[in-house]
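Down below is the structure, laid out as structure tokens.
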Amino acid sequence: MLRTRPSPSRTVHNLDGVWDLQVDSANVGLQESWFSGRLTNPRPMPVPASYNDVTTDNELRDLVGWVWYQRAVDAPRLVDGDRLFVRFGSATHAAKVWVNDAEVAEHVGGYLPFEADITDQIVPGERFRLTVAVDNRLSWQTIPPGFVTTDRVGRAHMNYLHDFYNYAGLHRSVELYTRPAVAVTDVTIVTTINGTTGVVDYTVETDGAGEVSVRVLDANDVEVARGSGAKGCVEVPDAHLWAPGAGYLYTLEVHAGDDVYPQPFGIRTVEIKDKKFLINGKEFYFRGYGRHEDNLVRGKGHDNVMMVHDFELMKWQGANSFRTSHYPYSEEVMDYADREGFVVIDETAAVGLNTALWGGGGMWGGASLPPTFSPETINDETRAVHEAHIRELIARDKNHPCVAVWSIANEPDSGVDGAREYFAPLIQAARDADPTRPVGYVNVGYATPDKERVADLCDLVMLNRYYGWYSENNNMPLAEKNLRDELDGWLKLVPDSPIIFTEYGPDTLAGLRDFHAWPWSEDYQIAFFEVYHRVFDEYPQVVGEQMWNFADFQTNAGIIRVDGNKKGMFTRDRKPKAAAFSVRERWLRLREEQGS
Ligand code: BDP
């Protein structure tokens with residue numbers, strides 16, 4: 001789906017601000033048609049934000065079910081048959097939207113955009129009522145999965161198999177935009193490099209028939225190439241490449257009928273060859289983090305101040321990449337990564353496809369659950385939802401030069417019956433949707449090479465490992481031995497795949513120092529990274545290190561979390577822990593040696 005971008009033929013009206021919100025604990029709003037008038041008992045709620053931490057109300061914080069957002073909107077005047085759309089950056093996890101009394105949109109999946117043409121529901125220049133009902137419930141047939149239980153005192157619980165708080169609400173901007181009736185509806189750009197020439201293949205889809213032409217503008221808006229037709233190839237002589245740390249962007253200005261749509265892009269290639277990860281034909285080594293969209297008070301609400309600050313911290317540390325663990329991030333973040341030259345492993349929201357981590361004394365405690373892949377849990381219907389989600393993500397992010405890898409899941413149960421059958425068609429779906437980028441998934445610690453059933457279908461191996469934390473705690477010599485032994489197993493299982501460590505790190509309490517470098521101390525975090533980095537340096541097949549996590553973040557309540565997960569390089573309010581400085585030294589040195 002195209003991002004909203006203003007142009008001579010398009011206007012964008014931002015609807016962020018303080019909306020009304022009403023909690024629907026009894027789940028009656030739909031039957032009682034709450035959309036048909038003003039909400040009767042609203043409270044103020046900022047958009048974008050997670051609603052959970054904004055107020056002091058426990059009912060809202062731990063709600064299981066629907067909330068209703070509402071505001072009055074002034075419809076713009078429309079010229080020459082223009083169409084008016086309302087667009088949501090995301091609504092977590094499912095939403096229904098009404099304009100006055102008319103339902104205009106329904107969407108499931110909490111981290112991707114959706115929109116509706118509302119031209120026929122509004123009177124141009126007049127005010128209308130916009131109501132959005134948002135449901136935070138997950139099921140075995142949603143991505144990510146979850147399940148609701150009710151306890152003996154009648155309390156509903158949202159159970160989920162992932163380690164971050166189930167923040168919900170309108171996390172990203174809500175916008176109105178206008179565009180001509182005949183308009184650009186999709187653009188796909190694929191670039192290759194021929195000597196010093198950038199070769200730009202493009203495909204344009206339109207609503208209605210209109211003559212299509214394109215111009216390529218450089219970063220100073222100077223035209224450097226042009227072409228015509230809905231599909232074609234234009235050449236940019238002396239191309240300025242997009243490269244890690246140097247995010248040079250061109251614009252493909254697409255004209256269709258009267259519509260003009262400016263699509264930014266970068267000229268660059270990504271490729272895996274001889275066990276190396278290549279960007280523009282040069283070896284690339286990933287330095288960075290798994291991250292979260294997570295901040296004090298605003299939860300997963302997008303915030304430009306925090307976005308720019310986080311990128312400043314990553315640059316300070318010498319990072320060149322991150323993974324959008326464990327869901328698609330806001331479009332603002334993807335645009336900014338393009339611009340700042342960060343390399344992104346773009347992940348779906350398929351986290352927690354793994355009942356083994358939950359039940360039978362698993363990491364998160366709780367009741368035993370059936371096997372991961374079963375008719376009652378992750379089944380064919382889940383796979384269809386997962387596949388649609390992969391396609392939606394690739395449709396949204398395919399033109400971002402920052403995206404170098406598609407990660408189609410985090411830590412699924414990849415070593416059990418049913419895993420290969422489940423994942424083979426999904427990997428194929430990702431390749432069909434984008435034949436240009438490597439595809440993989442992130443492997444869980446206990447799906448070791450002897451058990452693993454999916455890795456050989458992927459282009460690369462991505463590993464989350466916690467030797468020295470969840471196992472071999474306070475025994476780094478044994479952790480190191482086990483890490484090396486396991487790596488040797490991967491080299492045998494998939495000798496041609498490069499390996500990226502996508503998670504490793506211990507929980508670390510900021511301010512806790514210890515002469516003996518005990519677990520939880522800042523000193524243990526430093527020692528832990530030293531061991532892992534020493535091992536990485538000895539295995540040429542390891543082409544990246546993304547520690548867990550950029551910053552401390554909020555999780556569900558539980559006996560292994562103290563106000564959240566504390567594996568951050570930075571605290572939740574972005575203060576550096578001691579390891580931030582030692583890792584910085586390493587990453588600045590590697591940047592020097594590796595040139596990006
Ligand atoms: C992995 C998960 C990640 C967790 C992390 C941890 O991928 O979401 O937060 O471990 O336990 O299992 O800290």
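Letters A, B, ... go to the chains of the structure tokens in the order shown; residues in each chain start at 1; ligands are counted from 1 in the same order.
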
Within 8 Å of ligand 1: each chain A residue with its shortest pair, only C-alpha atoms and all ligand atoms, as a tab-separated table:
residue	atom	partner	partner_atom_place_in_ligand_line	distance
A:His162	CA	ligand 1	8 (O)	6.0
A:Asp163	CA	ligand 1	9 (O)	4.8
A:Phe164	CA	ligand 1	9 (O)	6.8
A:Ser325	CA	ligand 1	8 (O)	7.5
A:His326	CA	ligand 1	8 (O)	7.1
A:Val351	CA	ligand 1	7 (O)	7.6
A:Asn410	CA	ligand 1	7 (O)	6.1
A:Glu411	CA	ligand 1	7 (O)	6.0
A:Val444	CA	ligand 1	12 (O)	6.8
A:Gly445	CA	ligand 1	12 (O)	7.9
A:Asn464	CA	ligand 1	1 (C)	6.6
A:Tyr466	CA	ligand 1	10 (O)	7.9
A:Glu503	CA	ligand 1	7 (O)	7.1
A:Gly505	CA	ligand 1	13 (O)	7.8
A:Pro506	CA	ligand 1	13 (O)	7.6
A:Asp507	CA	ligand 1	13 (O)	7.2
A:Trp548	CA	ligand 1	13 (O)	7.0
A:Asn549	CA	ligand 1	13 (O)	7.8
A:Asn565	CA	ligand 1	13 (O)	6.2
A:Lys566	CA	ligand 1	13 (O)	7.8
A:Lys567	CA	ligand 1	13 (O)	6.4

Residue neighbourhood segment 480-483 of chain A, 12 Å, only C-alpha atoms, exclusion window fewer than 6 positions, as a PyMOL selection string | chain A and resi 445+448+463-469+471-474+489-490+501+504+527-536+539

Best match for closeness to Thr372 of chain A among A:Val79, A:Val385, A:Val12, A:Leu353, counting only C-alpha atoms =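 Checking each of A:Val79, A:Val385, A:Val12, A:Leu353 against Thr372 of chain A, counting only C-alpha atoms, the winner is A:Leu353.
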
Which polymer residues have any atom within 9 Å of an atom of Ala72 of chain A, counting only C-alpha atoms, with same-chain residues fewer than 5 positions away left out, as a PyMOL selection string?
-> chain A and resi 19+127-131

Interatomic distance between atom CA of Ala430 of chain A and atom CA of Glu347 of chain A?
->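 Straight-line distance from atom CA of Ala430 of chain A to atom CA of Glu347 of chain A works out to 11.6 Å.
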
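The smallest atom-to-atom distance between Asp294 of chain A and any of A:Met306, A:Leu512, A:Leu478, A:Ala579, using only C-alpha atoms, is found for A:Met306.
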
Which segment 411-476 of chain A residues have any atom within 12 Å of an atom of segment 178-188 of chain A, and for each, what is the nearest pair of atoms with distance in Å to one decimal, counting only C-alpha atoms, rows sorted by chain and number, as a Markdown table?
| residue | atom | partner | partner_atom | distance |
| --- | --- | --- | --- | --- |
| A:Ala433 | CA | A:Thr188 | CA | 10.8 |
| A:Asp434 | CA | A:Thr188 | CA | 10.0 |
| A:Thr436 | CA | A:Thr188 | CA | 11.7 |

The selected residues should be written to file as a short mmCIF file (atom, residue, chain, number, x, y, z; two decimals), in the first residue's frame (atoms: C-alpha atoms).
data_model
loop_
_atom_site.label_atom_id
_atom_site.label_comp_id
_atom_site.auth_asym_id
_atom_site.auth_seq_id
_atom_site.Cartn_x
_atom_site.Cartn_y
_atom_site.Cartn_z
CA ALA A 433 6.16 -11.23 -3.52
CA ASP A 434 9.80 -10.08 -3.67
CA THR A 436 15.08 -9.55 -4.91
#

Residue nearest Glu421 of chain A - candidates A:Arg383, A:His389, A:Asp310, A:Ala26, atoms counted: only C-alpha atoms |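 Of the candidates, the smallest distance to Glu421 of chain A is held by A:Arg383.
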
Which residue gives the smallest distance to Ile378 of chain A among A:Thr149, A:Asn320, A:Thr251, A:Ser139, with only C-alpha atoms counted?
-> A:Ser139

All residues 9 Å or closer to segment 119-124 of chain A, only C-alpha atoms, same chain fewer than 5 positions away omitted, as a tab-separated table (two decimals) with N, CA and C atoms, in the first residue's frame:
chain	number	residue	atom	x	y	z
A	74	ASP	N	-13.40	17.83	9.90
A	74	ASP	CA	-13.88	18.71	8.83
A	74	ASP	C	-13.43	18.17	7.49
A	75	ALA	N	-14.37	17.74	6.69
A	75	ALA	CA	-14.01	17.21	5.36
A	75	ALA	C	-13.52	18.36	4.50
A	76	PRO	N	-12.43	18.15	3.77
A	76	PRO	CA	-11.97	19.22	2.88
A	76	PRO	C	-12.92	19.37	1.68
A	77	ARG	N	-12.86	20.52	1.04
A	77	ARG	CA	-13.58	20.66	-0.24
A	77	ARG	C	-12.84	19.81	-1.27
A	78	LEU	N	-13.55	19.27	-2.21
A	78	LEU	CA	-12.92	18.42	-3.23
A	78	LEU	C	-13.04	19.10	-4.57
A	82	ASP	N	-12.20	14.71	-7.25
A	82	ASP	CA	-11.22	14.08	-6.34
A	82	ASP	C	-11.90	13.09	-5.41
A	83	ARG	N	-11.15	12.08	-5.01
A	83	ARG	CA	-11.63	11.12	-4.02
A	83	ARG	C	-10.99	11.45	-2.66
A	84	LEU	N	-11.73	11.16	-1.59
A	84	LEU	CA	-11.21	11.39	-0.24
A	84	LEU	C	-11.05	10.04	0.47
A	85	PHE	N	-9.89	9.83	1.07
A	85	PHE	CA	-9.60	8.58	1.79
A	85	PHE	C	-9.28	8.88	3.25
A	99	VAL	N	-17.88	6.28	9.28
A	99	VAL	CA	-18.02	7.71	9.00
A	99	VAL	C	-19.50	8.01	9.20
A	100	ASN	N	-19.81	8.85	10.15
A	100	ASN	CA	-21.19	9.01	10.62
A	100	ASN	C	-21.73	7.61	10.90
A	102	ALA	N	-22.10	5.11	8.69
A	102	ALA	CA	-21.72	4.11	7.68
A	102	ALA	C	-20.40	3.44	8.02
A	104	VAL	N	-17.06	1.93	7.08
A	104	VAL	CA	-16.25	2.14	5.87
A	104	VAL	C	-15.03	1.24	5.79

For Gly288 of chain A, which residue out of A:Asn136, A:Asn41, A:Thr502, A:Thr571 is the nearest one, using only C-alpha atoms?
-> A:Thr502

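The residue that comes closest to His171 of chain A, out of A:Arg61, A:Arg453, A:Lys398, A:His93 and on the basis of only C-alpha atoms, is A:His93.
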
Got a sec to tell me which of segment 252-409 of chain A DSSP assigns to strand (DSSP E or B), as a PyMOL selection string?
-> chain A and resi 252-256+259-265+270-273+276-279+282-283+286-290+295+299+321-323+343-347+351+373+378+403-409

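Our summary of the geometry notes that atom CA of Thr355 of chain A is positioned 24.5 Å from atom CA of Met547 of chain A.
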
Atom CA of Leu217 of chain A and atom CA of Val403 of chain A are how many Å apart?
->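 Result for atom CA of Leu217 of chain A versus atom CA of Val403 of chain A: 21.3 Å, one decimal.
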
DSSP on the backbone, then: every residue of segment 413-529 of chain A marked alpha helix (DSSP H), written as a ChimeraX atom specification.
-> /A:419-433,476-493,522-529

What's the 12 Å shell around Pro8 of chain A, counting only C-alpha atoms, without same-chain residues fewer than 6 positions away, as number ranges by chain?
-> A: 178-180, 253-255, 258-262

Close residues, Tyr329 of chain A itself excluded, 8 Å, only C-alpha atoms, min 3 positions apart in chain, as a ChimeraX atom specification | /A:111,293,324,333-334
